[in-house]
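Novice: Below is the structure I would like to discuss, written out as structure tokens.
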Amino acid sequence: MSEEPRKGLFRRKPKDPNKKPGRLAQMRQVYELSAKHNKATPWLLAAAILGCTLIGLLIGLLIGGTTAIFTTILGFMVGLLLGMLMLGRFAETAAFAQMDGQPGAFGAVLNTARRGYLMDEKPIAVDPKSRDLVFRSTGRAGVVLLSEGPKGRSAKLLAKEKKRHERILPNVPVHTFQGGKEEGQLAMKQVVPAVQKLPRKLNRAEVLAVRNRLAALGTQGTRPPIPKGIDPNKARPNHKAMRGR
């Protein structure tokens, strides 16, 4: 009997490129990303874990008895939790630094505002000459428009889009923000907190109605062409990986 079929049974299956990495692989990626941009990452994480563990041990020794064992374990667990939170924050900062200067970066950040917000996959307005962009997200606060580009230049494009949306949706709040590094603009790390602070004015049914209205208008050619190379979805940071999920 030929040995070839038998060998084939033990061949390793080729890796699926679309398969998501496991939790440990995600955590390793997050750690490597953080350590690359912040050399002090391992020391800060170690200090958080060891510091909380020592505090737990000292509390247990002061109380006396076998309490020290439980307080030490509790301190270690608190240290791990604190380390995870710190790692997530470091990874977020590193991701923003990595995206800084790339076209569509602010759209990618806006797309991480997940609490009740749905963002359009592509910019809703593009200046063909300057390549300034306007992104849109819809949620309980209404419609959020975020521009990307120099303050004075992108302000005109943003104001034009605000007027258009107020005409289309007269009873829906339209909020505008400018993304950038100039005075009066939002840095990438400020975008999501600013959006989430907006007061909620719509219920879920109204949000869905607004989304359907905007989607119907989008199919009628109101969305401008997108310059080559702009794909905010590809620049999106992996927040699940940052939280270790």
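FYI, nothing fancy with the structure tokens labels: chains A, B, ... in order, residues from 1 per chain, ligands from 1 as they appear.
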Could you build a table of the residues in stretch 90-115 of chain A lying no more than 10 Å from stretch 170-182 of chain A, giving for each the nearest pair of atoms and their separation in Å rounded to one decimal place, using only C-alpha atoms, ordered by chain and ascending residue number, as CSV?

Specialist:
residue,atom,partner,partner_atom,distance
A:Asp100,CA,A:Gly180,CA,9.8
A:Gly101,CA,A:Gly180,CA,9.5
A:Ala105,CA,A:Gly179,CA,9.5
A:Phe106,CA,A:Gly179,CA,6.5
A:Gly107,CA,A:Gly179,CA,9.3
A:Leu110,CA,A:Gly179,CA,10.0

Novice: Could you give me, as a PyMOL selection string, each residue of stretch 5-231 of chain A that DSSP assigns to strand (DSSP E or B) when run on this structure's backbone?

Specialist: chain A and resi 118-119+125-126+133-139+142-148+174-179+186

Novice: What's the separation between atom CA of A:Leu85 and atom CA of A:Lys197, in Å to one decimal place?

Specialist: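 That distance, rounded to one decimal, is 21.5 Å.
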
Novice: Please list as a PDB file with C-alpha atoms, in the first residue's frame every residue within 8 Å of A:Leu45, counting only C-alpha atoms and excluding residues in the same chain fewer than 5 positions away.

Specialist:
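Everything below was put into part_7.pdb:
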ATOM      1  CA  GLY A  83      -2.045  46.448  34.480  1.00  0.00           C
ATOM      2  CA  MET A  86      -2.840  50.594  31.756  1.00  0.00           C
ATOM      3  CA  LEU A  87      -1.953  48.362  28.795  1.00  0.00           C
TER       4      LEU A  87
END

Novice: Please, which residues in stretch 56-146 of chain A fall within 6 Å of stretch 33-39 of chain A when counting only C-alpha atoms, and what is the closest atom pair and distance in Å to one decimal for each, ordered by chain then residue number, as CSV?

Specialist:
residue,atom,partner,partner_atom,distance
A:Phe90,CA,A:Ser34,CA,5.5
A:Ala91,CA,A:Ser34,CA,4.8
A:Ala94,CA,A:His37,CA,5.8

Novice: Could you tell me how far atom CA of A:Lys156 lies from atom CA of A:Val191, in Å and to one decimal?

Specialist: 19.8 Å

Novice: Set out as a Markdown table a contact list for stretch 43-98 of chain A and stretch 185-190 of chain A with a cut-off of 12 Å, giving each residue of stretch 43-98 of chain A that qualifies its closest atom pair and distance in Å to one decimal, counting only C-alpha atoms, ordered by chain and rising residue number.

Specialist:
| residue | atom | partner | partner_atom | distance |
| --- | --- | --- | --- | --- |
| A:Arg89 | CA | A:Lys189 | CA | 10.5 |
| A:Phe90 | CA | A:Lys189 | CA | 11.8 |
| A:Ala91 | CA | A:Lys189 | CA | 12.0 |
| A:Glu92 | CA | A:Lys189 | CA | 8.4 |
| A:Thr93 | CA | A:Lys189 | CA | 7.7 |
| A:Ala94 | CA | A:Lys189 | CA | 10.9 |
| A:Ala95 | CA | A:Met188 | CA | 10.2 |
| A:Phe96 | CA | A:Met188 | CA | 6.7 |
| A:Ala97 | CA | A:Met188 | CA | 9.2 |
| A:Gln98 | CA | A:Met188 | CA | 11.4 |

Novice: For those residues, write N, CA and C atoms to a file as a PDB file, in the first residue's frame.

Specialist:
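Output saved as result.pdb:
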ATOM      1  N   ARG A  89      -4.711  51.534  27.763  1.00  0.00           N
ATOM      2  CA  ARG A  89      -4.476  52.966  27.545  1.00  0.00           C
ATOM      3  C   ARG A  89      -3.211  53.192  26.729  1.00  0.00           C
ATOM      4  N   PHE A  90      -2.150  52.445  27.049  1.00  0.00           N
ATOM      5  CA  PHE A  90      -0.903  52.584  26.286  1.00  0.00           C
ATOM      6  C   PHE A  90      -1.105  52.192  24.831  1.00  0.00           C
ATOM      7  N   ALA A  91      -1.860  51.106  24.616  1.00  0.00           N
ATOM      8  CA  ALA A  91      -2.094  50.625  23.257  1.00  0.00           C
ATOM      9  C   ALA A  91      -2.921  51.626  22.451  1.00  0.00           C
ATOM     10  N   GLU A  92      -3.890  52.252  23.107  1.00  0.00           N
ATOM     11  CA  GLU A  92      -4.710  53.252  22.430  1.00  0.00           C
ATOM     12  C   GLU A  92      -3.850  54.423  21.992  1.00  0.00           C
ATOM     13  N   THR A  93      -2.983  54.889  22.900  1.00  0.00           N
ATOM     14  CA  THR A  93      -2.083  55.999  22.567  1.00  0.00           C
ATOM     15  C   THR A  93      -1.160  55.622  21.420  1.00  0.00           C
ATOM     16  N   ALA A  94      -0.648  54.380  21.461  1.00  0.00           N
ATOM     17  CA  ALA A  94       0.250  53.909  20.398  1.00  0.00           C
ATOM     18  C   ALA A  94      -0.489  53.812  19.060  1.00  0.00           C
ATOM     19  N   ALA A  95      -1.731  53.350  19.105  1.00  0.00           N
ATOM     20  CA  ALA A  95      -2.520  53.232  17.871  1.00  0.00           C
ATOM     21  C   ALA A  95      -2.778  54.604  17.255  1.00  0.00           C
ATOM     22  N   PHE A  96      -3.094  55.587  18.099  1.00  0.00           N
ATOM     23  CA  PHE A  96      -3.314  56.937  17.594  1.00  0.00           C
ATOM     24  C   PHE A  96      -2.039  57.504  16.988  1.00  0.00           C
ATOM     25  N   ALA A  97      -0.892  57.239  17.636  1.00  0.00           N
ATOM     26  CA  ALA A  97       0.384  57.722  17.113  1.00  0.00           C
ATOM     27  C   ALA A  97       0.695  57.071  15.775  1.00  0.00           C
ATOM     28  N   GLN A  98       0.335  55.811  15.628  1.00  0.00           N
ATOM     29  CA  GLN A  98       0.575  55.076  14.397  1.00  0.00           C
ATOM     30  C   GLN A  98      -0.289  55.610  13.251  1.00  0.00           C
TER      31      GLN A  98
END

Novice: Please provide as a ChimeraX atom specification all residues within 12 Å of A:Ile69, with the sequence filter that same-chain residues fewer than 4 positions apart are discarded (counting only C-alpha atoms).

Specialist: /A:53-54,56-61,63-65,73-76

Novice: Between A:Tyr117, A:Pro128, A:Ala25, A:Glu148, which residue has the minimum interatomic distance to A:Gln102, considering only C-alpha atoms?

Specialist: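 For A:Gln102, the nearest of the given residues is A:Glu148.
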
Novice: Set the distance at 9 Å and use only C-alpha atoms: which residues neighbour A:Ala113 once local chain neighbours fewer than 2 positions away are removed? I'd like the list as a PyMOL selection string.

Specialist: chain A and resi 109-111+115-119+137+191-193+195-196

Novice: Please dump the current selection as a compact mmCIF listing (two decimals), in the first residue's frame; keep C-alpha atoms.

Specialist:
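That gives us out23.txt:
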# COMPACT_ATOMS: atom_id res chain seq x y z
CA VAL A 109 -11.27 57.09 15.56
CA LEU A 110 -14.89 58.24 15.23
CA ASN A 111 -15.80 54.68 14.27
CA ARG A 115 -22.16 53.29 22.44
CA GLY A 116 -25.26 53.67 20.31
CA TYR A 117 -23.46 55.19 17.32
CA LEU A 118 -23.33 53.93 13.75
CA MET A 119 -20.81 55.48 11.39
CA SER A 137 -21.94 59.09 12.64
CA VAL A 191 -12.97 62.67 19.61
CA VAL A 192 -14.77 59.77 21.30
CA PRO A 193 -15.14 61.47 24.74
CA VAL A 195 -19.10 62.56 21.10
CA GLN A 196 -20.16 60.49 24.10

Novice: Rounded to one decimal in Å, what is the spacing between atom CA of A:Glu121 and atom CA of A:Val144?

Specialist: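 About the pair atom CA of A:Glu121 and atom CA of A:Val144: they are 13.9 Å apart.
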
Novice: A:Ile55, A:Ala209, A:Leu24, A:Ala215: which is nearest A:Gly139, counting only C-alpha atoms?

Specialist: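 Nearest to A:Gly139: A:Ala209.
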
Novice: Near A:Leu198, counting only C-alpha atoms, which residues have an atom at most 9 Å away, once you skip same-chain residues fewer than 4 positions from it, shown as a PyMOL selection string?

Specialist: chain A and resi 140-142+175+194

Novice: Give the alpha helix (DSSP H) residues of stretch 93-163 of chain A, as DSSP finds them on the backbone, and put them as number ranges by chain.

Specialist: A: 93-99, 105-110, 151-163
